[in-house]
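Here's start09.csv, which has CSV, C-alpha atoms and all ligand atoms:
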```
chain,number,residue,atom,x,y,z
A,51,MET,CA,0.0,0.0,0.0
A,52,PHE,CA,1.1,3.6,-0.6
A,53,LYS,CA,-0.3,7.1,0.0
A,54,ALA,CA,-1.7,9.1,-2.9
A,55,TRP,CA,-4.1,11.9,-3.6
A,56,LEU,CA,-7.0,10.3,-5.5
A,57,ILE,CA,-9.5,12.2,-7.6
A,58,THR,CA,-12.9,10.6,-8.0
A,59,LYS,CA,-16.0,11.8,-9.8
A,60,THR,CA,-19.4,10.2,-9.3
A,61,ASP,CA,-23.0,11.3,-9.7
A,62,ALA,CA,-23.6,10.8,-6.0
A,63,ALA,CA,-20.5,12.5,-4.5
A,64,GLY,CA,-19.4,14.8,-7.4
A,65,TYR,CA,-15.8,15.7,-7.9
A,66,ARG,CA,-13.6,14.8,-4.9
A,67,CYS,CA,-9.8,14.8,-4.2
A,68,GLN,CA,-8.9,12.8,-1.1
A,69,LEU,CA,-5.7,11.5,0.5
A,70,SER,CA,-6.0,7.7,0.2
A,71,GLU,CA,-4.2,4.4,0.9
A,72,VAL,CA,-3.8,2.7,-2.5
A,73,ASP,CA,-2.9,-0.9,-3.2
A,74,ASP,CA,0.1,-1.4,-5.5
A,75,ALA,CA,-2.1,-3.7,-7.6
A,76,GLN,CA,-4.1,-0.6,-8.7
A,77,LEU,CA,-1.0,1.1,-10.3
A,78,PRO,CA,-1.4,1.5,-14.1
A,79,GLU,CA,0.3,-0.9,-16.5
A,80,GLY,CA,3.6,0.9,-17.2
A,81,ASN,CA,7.0,-0.8,-17.6
A,82,VAL,CA,8.8,1.2,-14.9
A,83,THR,CA,7.9,1.6,-11.2
A,84,VAL,CA,9.3,4.6,-9.4
A,85,GLN,CA,9.6,5.3,-5.7
A,86,VAL,CA,8.6,8.9,-5.7
A,87,GLU,CA,10.7,11.1,-3.4
A,88,TRP,CA,9.5,14.6,-4.3
A,89,SER,CA,6.7,16.0,-6.3
A,90,THR,CA,5.5,19.5,-6.7
A,91,LEU,CA,2.5,21.7,-7.4
A,92,ASN,CA,2.0,23.3,-10.7
A,93,TYR,CA,-0.8,25.5,-12.1
A,94,LYS,CA,-2.3,22.5,-13.9
A,95,ASP,CA,-2.2,20.5,-10.6
A,96,GLY,CA,-4.3,23.2,-9.1
A,97,LEU,CA,-6.8,22.8,-12.0
A,98,ALA,CA,-6.9,19.0,-11.4
A,99,ILE,CA,-7.2,19.2,-7.6
A,100,THR,CA,-10.0,21.7,-7.7
A,101,GLY,CA,-11.7,20.4,-10.8
A,102,GLN,CA,-11.9,24.0,-11.9
A,103,SER,CA,-11.0,23.0,-15.5
A,104,PRO,CA,-11.5,19.6,-17.0
A,105,VAL,CA,-7.8,18.6,-17.2
A,106,VAL,CA,-8.5,15.2,-15.6
A,107,ARG,CA,-9.6,12.9,-18.4
A,108,GLN,CA,-10.3,9.6,-16.5
A,109,PHE,CA,-11.2,8.6,-13.0
A,110,PRO,CA,-10.0,7.7,-10.4
A,111,MET,CA,-6.9,9.7,-11.1
A,112,VAL,CA,-3.8,10.5,-9.0
A,113,PRO,CA,-2.9,14.1,-9.8
A,114,GLY,CA,0.6,15.5,-10.1
A,115,ILE,CA,2.1,16.2,-13.6
A,116,ASP,CA,5.7,15.6,-12.4
A,117,PHE,CA,7.8,13.7,-9.9
A,118,ALA,CA,11.4,12.8,-9.2
A,119,GLY,CA,12.5,9.6,-7.6
A,120,THR,CA,14.3,6.2,-7.9
A,121,VAL,CA,13.4,3.3,-10.1
A,122,ILE,CA,12.3,0.3,-8.1
A,123,ASP,CA,11.5,-2.1,-10.9
A,124,SER,CA,11.9,-1.9,-14.7
A,125,ALA,CA,11.1,-3.9,-17.8
A,126,HIS,CA,12.4,-1.0,-20.0
A,127,PRO,CA,15.8,-1.4,-21.6
A,128,ARG,CA,17.0,2.1,-20.6
A,129,TRP,CA,16.2,1.8,-16.9
A,130,GLN,CA,17.2,-0.4,-14.0
A,131,ALA,CA,16.5,-0.4,-10.3
A,132,GLY,CA,18.4,2.4,-8.5
A,133,ASP,CA,18.3,4.8,-11.5
A,134,ARG,CA,17.4,8.4,-10.5
A,135,VAL,CA,14.7,9.8,-12.8
A,136,VAL,CA,12.5,12.8,-13.4
A,137,LEU,CA,9.2,12.9,-15.2
A,138,ASN,CA,7.4,15.9,-16.6
A,139,GLY,CA,4.1,15.8,-18.5
A,140,TRP,CA,3.1,13.2,-21.1
A,141,GLY,CA,-0.5,13.4,-19.7
A,142,VAL,CA,0.6,12.1,-16.3
A,143,GLY,CA,-1.7,13.5,-13.6
A,144,GLU,CA,-4.3,14.0,-16.3
A,145,ALA,CA,-4.9,10.7,-18.2
A,146,TRP,CA,-2.3,8.6,-16.3
A,147,TRP,CA,-1.7,8.3,-12.6
A,148,GLY,CA,0.7,11.0,-11.5
A,149,GLY,CA,3.2,12.2,-8.9
A,150,LEU,CA,1.2,13.3,-5.9
A,151,ALA,CA,1.8,9.8,-4.5
A,152,GLN,CA,4.6,7.7,-3.0
A,153,LYS,CA,4.7,5.4,-6.0
A,154,ALA,CA,4.2,5.8,-9.7
A,155,ARG,CA,4.2,3.4,-12.6
A,156,VAL,CA,4.8,4.9,-16.1
A,157,LYS,CA,6.2,4.2,-19.5
A,158,GLY,CA,10.0,4.2,-19.5
A,159,ASP,CA,10.1,6.3,-22.6
A,160,TRP,CA,8.7,9.2,-20.6
A,161,LEU,CA,11.5,9.3,-18.1
A,162,VAL,CA,14.6,11.5,-18.1
A,163,ALA,CA,17.7,10.6,-16.1
A,164,LEU,CA,18.2,13.1,-13.3
A,165,PRO,CA,21.4,15.1,-14.0
A,166,ALA,CA,24.1,14.1,-11.5
A,167,GLY,CA,24.3,17.7,-10.1
A,168,LEU,CA,20.6,17.8,-9.0
A,169,THR,CA,19.0,16.2,-6.0
A,170,SER,CA,15.4,14.9,-6.5
A,171,ARG,CA,14.3,17.7,-4.3
A,172,GLN,CA,16.0,20.3,-6.4
A,173,ALA,CA,14.6,18.7,-9.5
A,174,MET,CA,11.1,19.2,-8.1
A,175,ALA,CA,11.9,22.7,-6.9
A,176,ILE,CA,12.4,23.3,-10.6
A,177,GLY,CA,9.5,21.1,-11.6
A,178,THR,CA,7.5,21.4,-14.8
A,179,ALA,CA,7.3,25.1,-14.3
A,180,GLY,CA,11.0,25.5,-14.2
A,181,TYR,CA,11.7,23.0,-17.0
A,182,THR,CA,9.1,25.0,-19.1
A,183,ALA,CA,10.9,28.2,-18.3
A,184,MET,CA,14.1,26.5,-19.6
A,185,LEU,CA,12.4,25.5,-22.8
A,186,CYS,CA,11.3,29.1,-23.3
A,187,VAL,CA,14.8,30.4,-22.6
A,188,GLN,CA,16.3,27.9,-25.0
A,189,ALA,CA,13.9,28.9,-27.8
A,190,LEU,CA,15.0,32.5,-27.3
A,191,GLN,CA,18.7,31.4,-27.1
A,192,ARG,CA,18.4,29.6,-30.5
A,193,HIS,CA,16.6,32.7,-31.9
A,194,TRP,CA,19.3,35.1,-30.6
A,195,ALA,CA,22.1,32.9,-31.8
A,196,ASP,CA,20.6,33.0,-35.3
A,197,ALA,CA,20.0,36.7,-35.2
A,198,GLY,CA,23.4,37.5,-33.6
A,199,VAL,CA,21.9,39.1,-30.5
A,200,ALA,CA,24.3,39.1,-27.5
A,201,PRO,CA,23.2,38.9,-23.8
A,202,GLY,CA,23.0,42.4,-22.4
A,203,SER,CA,22.3,44.0,-25.7
A,204,GLY,CA,18.7,44.7,-24.7
A,205,GLU,CA,15.9,44.0,-22.2
A,206,VAL,CA,14.1,40.7,-21.8
A,207,LEU,CA,10.6,40.7,-20.3
A,208,VAL,CA,9.3,38.0,-18.0
A,209,THR,CA,5.5,38.0,-17.3
A,210,GLY,CA,3.8,36.2,-14.4
A,211,ALA,CA,7.1,36.9,-12.6
A,212,ASN,CA,6.2,35.7,-9.1
A,213,GLY,CA,4.9,32.4,-10.4
A,214,GLY,CA,6.9,29.2,-11.0
A,215,VAL,CA,7.7,29.7,-14.6
A,216,GLY,CA,8.4,33.4,-14.1
A,217,SER,CA,10.7,32.9,-11.1
A,218,VAL,CA,12.8,30.3,-12.8
A,219,ALA,CA,12.9,32.3,-16.1
A,220,ILE,CA,14.2,35.3,-14.2
A,221,ALA,CA,17.0,33.3,-12.5
A,222,LEU,CA,18.0,31.7,-15.8
A,223,LEU,CA,18.0,34.8,-17.9
A,224,GLY,CA,19.9,36.7,-15.2
A,225,ALA,CA,22.5,33.9,-15.1
A,226,LEU,CA,22.9,34.2,-18.8
A,227,GLY,CA,23.8,37.9,-18.4
A,228,HIS,CA,20.5,39.4,-19.7
A,229,ARG,CA,18.9,42.6,-18.4
A,230,VAL,CA,15.6,41.2,-17.1
A,231,VAL,CA,12.4,43.2,-16.5
A,232,ALA,CA,9.8,41.3,-14.3
A,233,SER,CA,6.1,42.1,-14.8
A,234,THR,CA,4.0,41.3,-11.7
A,235,GLY,CA,0.8,42.1,-10.0
A,236,ARG,CA,2.6,41.8,-6.7
A,237,LEU,CA,4.9,44.8,-6.6
A,238,GLU,CA,5.5,44.2,-2.9
A,239,GLU,CA,7.6,41.2,-4.0
A,240,ALA,CA,10.1,43.4,-5.9
A,241,GLU,CA,13.0,42.6,-3.6
A,242,TYR,CA,12.4,38.9,-4.0
A,243,LEU,CA,12.3,39.3,-7.8
A,244,LYS,CA,15.5,41.4,-7.8
A,245,ALA,CA,17.2,38.8,-5.6
A,246,LEU,CA,16.4,36.2,-8.3
A,247,GLY,CA,18.0,38.3,-11.0
A,248,ALA,CA,15.5,40.9,-12.1
A,249,ASP,CA,17.0,44.3,-12.9
A,250,GLU,CA,13.6,46.1,-13.0
A,251,VAL,CA,10.1,45.3,-11.8
A,252,MET,CA,7.0,46.6,-13.6
A,253,ASP,CA,3.3,46.6,-12.8
A,254,ARG,CA,1.5,44.0,-14.8
A,255,GLN,CA,-1.4,46.4,-15.2
A,256,LEU,CA,0.7,48.2,-17.8
A,257,LEU,CA,0.3,45.1,-20.0
A,258,ALA,CA,-3.1,43.8,-19.0
A,259,SER,CA,-5.5,45.9,-21.1
A,260,PRO,CA,-6.0,46.3,-24.9
A,261,GLY,CA,-3.1,48.3,-26.4
A,262,LYS,CA,-2.0,49.7,-29.7
A,263,PRO,CA,-0.9,47.1,-32.4
A,264,LEU,CA,2.6,48.7,-32.5
A,265,GLN,CA,4.1,50.1,-29.4
A,266,LYS,CA,7.5,51.5,-28.4
A,267,GLU,CA,10.1,48.9,-29.3
A,268,ARG,CA,11.6,47.6,-26.0
A,269,TRP,CA,12.2,43.8,-25.7
A,270,ILE,CA,14.8,41.6,-27.5
A,271,GLY,CA,12.9,38.7,-26.0
A,272,VAL,CA,9.9,37.8,-23.9
A,273,VAL,CA,9.0,34.8,-21.7
A,274,ASP,CA,5.2,35.0,-21.3
A,275,ALA,CA,3.3,32.8,-18.8
A,276,VAL,CA,0.2,35.0,-19.0
A,277,GLY,CA,-1.4,35.1,-22.5
A,278,SER,CA,-4.3,37.3,-23.5
A,279,HIS,CA,-3.7,41.1,-23.7
A,280,THR,CA,-0.4,40.7,-21.9
A,281,LEU,CA,1.0,38.6,-24.7
A,282,ALA,CA,-0.5,40.9,-27.3
A,283,ASN,CA,1.1,43.9,-25.7
A,284,ALA,CA,4.4,42.0,-25.3
A,285,CYS,CA,4.4,41.2,-29.0
A,286,ALA,CA,3.5,44.9,-29.9
A,287,SER,CA,6.5,46.2,-27.9
A,288,THR,CA,9.1,43.6,-29.0
A,289,ARG,CA,12.0,45.1,-30.9
A,290,TYR,CA,12.6,44.5,-34.6
A,291,GLY,CA,13.6,40.9,-35.2
A,292,GLY,CA,13.0,39.9,-31.5
A,293,ALA,CA,11.2,36.9,-30.2
A,294,VAL,CA,8.5,36.0,-27.7
A,295,ALA,CA,8.2,32.5,-26.1
A,296,ALA,CA,4.6,31.9,-25.0
A,297,CYS,CA,3.8,29.1,-22.6
A,298,GLY,CA,1.0,30.1,-20.3
A,299,LEU,CA,-2.5,31.5,-19.9
A,300,ALA,CA,-2.7,32.9,-16.4
A,301,GLN,CA,-4.6,35.9,-17.7
A,302,GLY,CA,-6.5,34.1,-20.4
A,303,MET,CA,-6.4,31.7,-23.3
A,304,ASP,CA,-7.2,34.4,-25.8
A,305,LEU,CA,-4.7,36.3,-28.0
A,306,PRO,CA,-6.3,39.6,-29.0
A,307,ALA,CA,-3.3,40.7,-31.2
A,308,SER,CA,-2.7,42.1,-34.6
A,309,VAL,CA,-0.2,40.9,-37.3
A,310,ALA,CA,1.5,44.3,-37.2
A,311,PRO,CA,4.6,43.3,-35.1
A,312,PHE,CA,5.0,40.2,-37.3
A,313,ILE,CA,4.9,41.8,-40.7
A,314,LEU,CA,6.4,45.2,-39.9
A,315,ARG,CA,9.0,44.2,-37.3
A,316,GLY,CA,9.7,40.6,-38.2
A,317,ILE,CA,9.2,39.4,-34.7
A,318,THR,CA,8.8,35.7,-34.0
A,319,LEU,CA,6.3,34.0,-31.6
A,320,TYR,CA,7.4,30.6,-30.3
A,321,GLY,CA,4.8,28.3,-28.8
A,322,ILE,CA,6.3,26.3,-25.9
A,323,ASP,CA,4.8,23.0,-24.9
A,324,SER,CA,6.4,21.0,-22.2
A,325,VAL,CA,4.0,18.0,-22.1
A,326,MET,CA,4.8,16.3,-25.4
A,327,ALA,CA,8.3,17.8,-25.9
A,328,PRO,CA,10.6,15.3,-27.5
A,329,ARG,CA,13.3,13.5,-25.4
A,330,ALA,CA,16.2,15.4,-26.9
A,331,ARG,CA,14.6,18.8,-25.9
A,332,ARG,CA,13.9,17.5,-22.4
A,333,GLU,CA,17.5,16.2,-21.9
A,334,ALA,CA,18.9,19.5,-23.2
A,335,ALA,CA,16.7,21.5,-20.9
A,336,TRP,CA,17.6,19.4,-17.8
A,337,ALA,CA,21.3,19.6,-18.6
A,338,GLN,CA,21.2,23.4,-18.9
A,339,LEU,CA,19.1,23.7,-15.7
A,340,ASP,CA,21.8,21.7,-13.9
A,341,ALA,CA,24.6,23.8,-15.4
A,342,LEU,CA,23.0,27.3,-15.1
A,343,LEU,CA,20.6,27.5,-12.2
A,344,ASP,CA,22.0,28.9,-9.0
A,345,ARG,CA,21.1,26.6,-6.2
A,346,ASP,CA,20.7,29.3,-3.6
A,347,ARG,CA,18.3,31.2,-5.9
A,348,LEU,CA,16.4,28.0,-6.5
A,349,GLU,CA,16.1,27.5,-2.7
A,350,GLN,CA,15.0,31.1,-2.3
A,351,MET,CA,12.0,30.6,-4.5
A,352,THR,CA,11.0,27.2,-3.0
A,353,ARG,CA,8.6,26.3,-0.2
A,354,GLU,CA,8.2,22.8,1.1
A,355,VAL,CA,5.0,21.0,2.1
A,356,THR,CA,4.0,17.5,3.1
A,357,LEU,CA,1.8,15.3,0.9
A,358,ALA,CA,-1.1,15.8,3.2
A,359,ASP,CA,-0.8,19.6,2.9
A,360,ALA,CA,-0.4,19.7,-0.9
A,361,ALA,CA,-4.0,19.7,-2.1
A,362,ALA,CA,-4.9,22.7,0.1
A,363,LEU,CA,-2.6,24.8,-2.1
A,364,GLY,CA,-4.6,23.9,-5.3
A,365,PRO,CA,-7.0,26.9,-5.0
A,366,GLN,CA,-4.2,29.2,-4.0
A,367,ILE,CA,-2.1,28.6,-7.0
A,368,LEU,CA,-5.1,29.2,-9.3
A,369,GLN,CA,-5.6,32.6,-7.6
A,370,GLY,CA,-2.0,33.6,-8.2
A,371,GLN,CA,-1.2,33.5,-4.4
A,372,VAL,CA,1.6,31.1,-4.5
A,373,ARG,CA,5.1,32.7,-4.8
A,374,GLY,CA,7.8,30.8,-6.7
A,375,ARG,CA,7.8,27.0,-6.4
A,376,VAL,CA,6.3,24.5,-4.0
A,377,VAL,CA,7.9,21.1,-3.4
A,378,VAL,CA,6.0,18.2,-2.0
A,379,ASN,CA,7.7,15.7,0.3
A,380,VAL,CA,5.5,12.7,-0.5
A,381,ASN,CA,7.1,10.7,2.3
A,382,ALA,CA,6.6,13.2,5.1
B,401,LIG,P1,1.8,30.1,-11.2
B,401,LIG,O1,0.4,30.2,-10.7
B,401,LIG,O2,2.9,29.7,-10.3
B,401,LIG,O3,2.2,31.6,-11.8
B,401,LIG,C1,1.3,32.3,-12.6
B,401,LIG,C2,1.6,33.8,-12.4
B,401,LIG,O4,0.9,34.6,-13.3
B,401,LIG,C3,1.1,34.3,-11.0
B,401,LIG,O5,2.0,34.0,-10.0
B,401,LIG,C4,0.9,35.7,-11.3
B,401,LIG,O6,2.2,36.4,-11.2
B,401,LIG,C5,0.5,35.8,-12.8
B,401,LIG,N1,-0.9,35.9,-12.9
B,401,LIG,C6,-1.9,35.2,-12.3
B,401,LIG,N2,-3.1,35.7,-12.6
B,401,LIG,C7,-2.9,36.7,-13.6
B,401,LIG,C8,-3.8,37.5,-14.3
B,401,LIG,N3,-5.1,37.4,-14.2
B,401,LIG,N4,-3.2,38.4,-15.1
B,401,LIG,C9,-1.9,38.5,-15.2
B,401,LIG,N5,-1.0,37.8,-14.5
B,401,LIG,C10,-1.5,36.8,-13.7
B,401,LIG,O7,1.8,29.2,-12.5
B,401,LIG,P2,3.1,28.6,-13.3
B,401,LIG,O8,4.2,29.6,-13.3
B,401,LIG,O9,3.3,27.2,-12.8
B,401,LIG,O10,2.5,28.5,-14.7
B,401,LIG,C11,2.2,29.7,-15.5
B,401,LIG,C12,1.4,29.4,-16.7
B,401,LIG,O11,2.2,28.6,-17.6
B,401,LIG,C13,0.1,28.7,-16.4
B,401,LIG,O12,-0.9,29.3,-17.3
B,401,LIG,C14,0.4,27.3,-16.8
B,401,LIG,O13,-0.7,26.6,-17.2
B,401,LIG,C15,1.4,27.5,-17.9
B,401,LIG,N6,2.3,26.3,-18.1
B,401,LIG,C16,2.4,25.9,-19.4
B,401,LIG,C17,3.2,24.8,-19.6
B,401,LIG,C18,3.4,24.4,-21.1
B,401,LIG,O14,3.9,23.3,-21.3
B,401,LIG,N7,3.1,25.2,-22.0
B,401,LIG,C19,4.0,24.1,-18.6
B,401,LIG,C20,3.9,24.8,-17.3
B,401,LIG,C21,3.0,25.8,-17.1
B,401,LIG,P3,2.4,37.8,-10.5
B,401,LIG,O15,1.7,37.7,-9.2
B,401,LIG,O16,3.8,38.0,-10.4
B,401,LIG,O17,1.7,38.8,-11.4
```

Output the structure of this file as structure tokens.
Ligand code: NDP
Amino acid sequence: MFKAWLITKTDAAGYRCQLSEVDDAQLPEGNVTVQVEWSTLNYKDGLAITGQSPVVRQFPMVPGIDFAGTVIDSAHPRWQAGDRVVLNGWGVGEAWWGGLAQKARVKGDWLVALPAGLTSRQAMAIGTAGYTAMLCVQALQRHWADAGVAPGSGEVLVTGANGGVGSVAIALLGALGHRVVASTGRLEEAEYLKALGADEVMDRQLLASPGKPLQKERWIGVVDAVGSHTLANACASTRYGGAVAACGLAQGMDLPASVAPFILRGITLYGIDSVMAPRARREAAWAQLDALLDRDRLEQMTREVTLADAAALGPQILQGQVRGRVVVNVNA
């Protein structure tokens, strides 16, 4: 038996998420079983836990779109007992039992070897939010390399700055030598954002409402976790030839933009998906996270909770009240 959060949906009881004792025999039919050491709480986990959006596609479901731990048992050629692994996405926690549990069974193809320099706790302090931030930054890096843009030659905007994606993106861009502007609704957290690597903090209200199709050119790059008018305004104020990496929808799923910045300034909008990203991209992201991310800054943005306390944070993360990252000690 092991402990897991279990989401059920029935006509009689409705949508429920309860901490449960689960029999190993109930684990799904994967080819690798993992002793989960740490999990985490992402925005999507908040949606699953609360049922606010239909991300869970079958019931009962163990939520948790990511985990880090050690292989207990494997019938997959790449993995053997004792291997340290990390999992992000692939529909885990949505259509396949996930990481808010002490044990998980998944397809070996979904796993990535944990870089030697990262503990399983640090991997989950990064989590899917941080790995997605790295995918965004790597998209911008490829763009800048192609365009001959050097770090420090202009400002980079990060939206949703206090969130998980935003916090890690700031730390990564700062470490790469960029001048980072953090957009946030929580200006009282300015010192925290500067300690992570932001050079300037701006009020997100400046980006939140409908704006002109072309605005003053400012950003050589943008990491956007917010969508909607914020993303439209970010595109409209990106410098000639610059790029925007869009990964989130904290403000909204809409994109009320015009083609003007694309056809008059040649800007590029990169869509970033972490869930189905191919293995090579994942391994490259985790390798650069290991190499680049300052461990003290990572710790600064991380808060630790027990498995039992994790679900209570679901509504908070959806309301934008969680700062940085939350790691879940599933064995506490
Ligand atoms: P968090 O909840 O940790 O952060 C989101 C941040 O967005 C908040 O902290 C807040 O920052 C800001 N925000 C919240 N509400 C609004 C609003 N109404 N208008 C403007 N800004 C707002 O979430 P994550 O960082 O984990 O994820 C961010 C987004 O990225 C989510 O939409 C998530 O679904 C998406 N995502 C996508 C992935 C992909 O594969 N594409 C993978 C991971 C996440 P502040 O208080 O500083 O303003």

Distance filter 6 Å around ligand LIG 401 (chain B), atoms: all atoms listed in the file, out as an MDAnalysis selection string: chainID A and resid 92:94 178:179 182 210:216 234:236 275:276 297:301 322:325 367:368 370

Out of A:Pro110, A:Pro365, A:Gly141, A:Pro263, which residue has the shortest atom-to-atom distance to Val72 in chain A when counting all atoms listed in the file?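 Closest to Val72 in chain A, using all atoms listed in the file: A:Pro110.
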
Residue among A:Gly143, A:Gln172, A:Thr120, A:Ala296 lying closest to Gly321 in chain A, counting all atoms listed in the file: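 For Gly321 in chain A, the nearest of the candidates is A:Ala296.
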
Do you know which residues lie at most 8 Å from (-2.3, 48.0, -30.1), with coordinates as in the file and all atoms listed in the file counted, and could you write them as a ChimeraX atom specification? /A:260-265,282-283,286,307-308

Restricting it to C-alpha atoms, dump the selection as a compact mmCIF listing (two decimals), in the frame of the given file.
```
# COMPACT_ATOMS: atom_id res chain seq x y z
CA PRO A 260 -6.00 46.30 -24.90
CA GLY A 261 -3.10 48.30 -26.40
CA LYS A 262 -2.00 49.70 -29.70
CA PRO A 263 -0.90 47.10 -32.40
CA LEU A 264 2.60 48.70 -32.50
CA GLN A 265 4.10 50.10 -29.40
CA ALA A 282 -0.50 40.90 -27.30
CA ASN A 283 1.10 43.90 -25.70
CA ALA A 286 3.50 44.90 -29.90
CA ALA A 307 -3.30 40.70 -31.20
CA SER A 308 -2.70 42.10 -34.60
```

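Ranking A:Thr58, A:Ala358, A:Cys67, A:Gly292 by their shortest atom-to-atom distance to Arg192 in chain A, with only C-alpha atoms included, puts A:Gly292 first.
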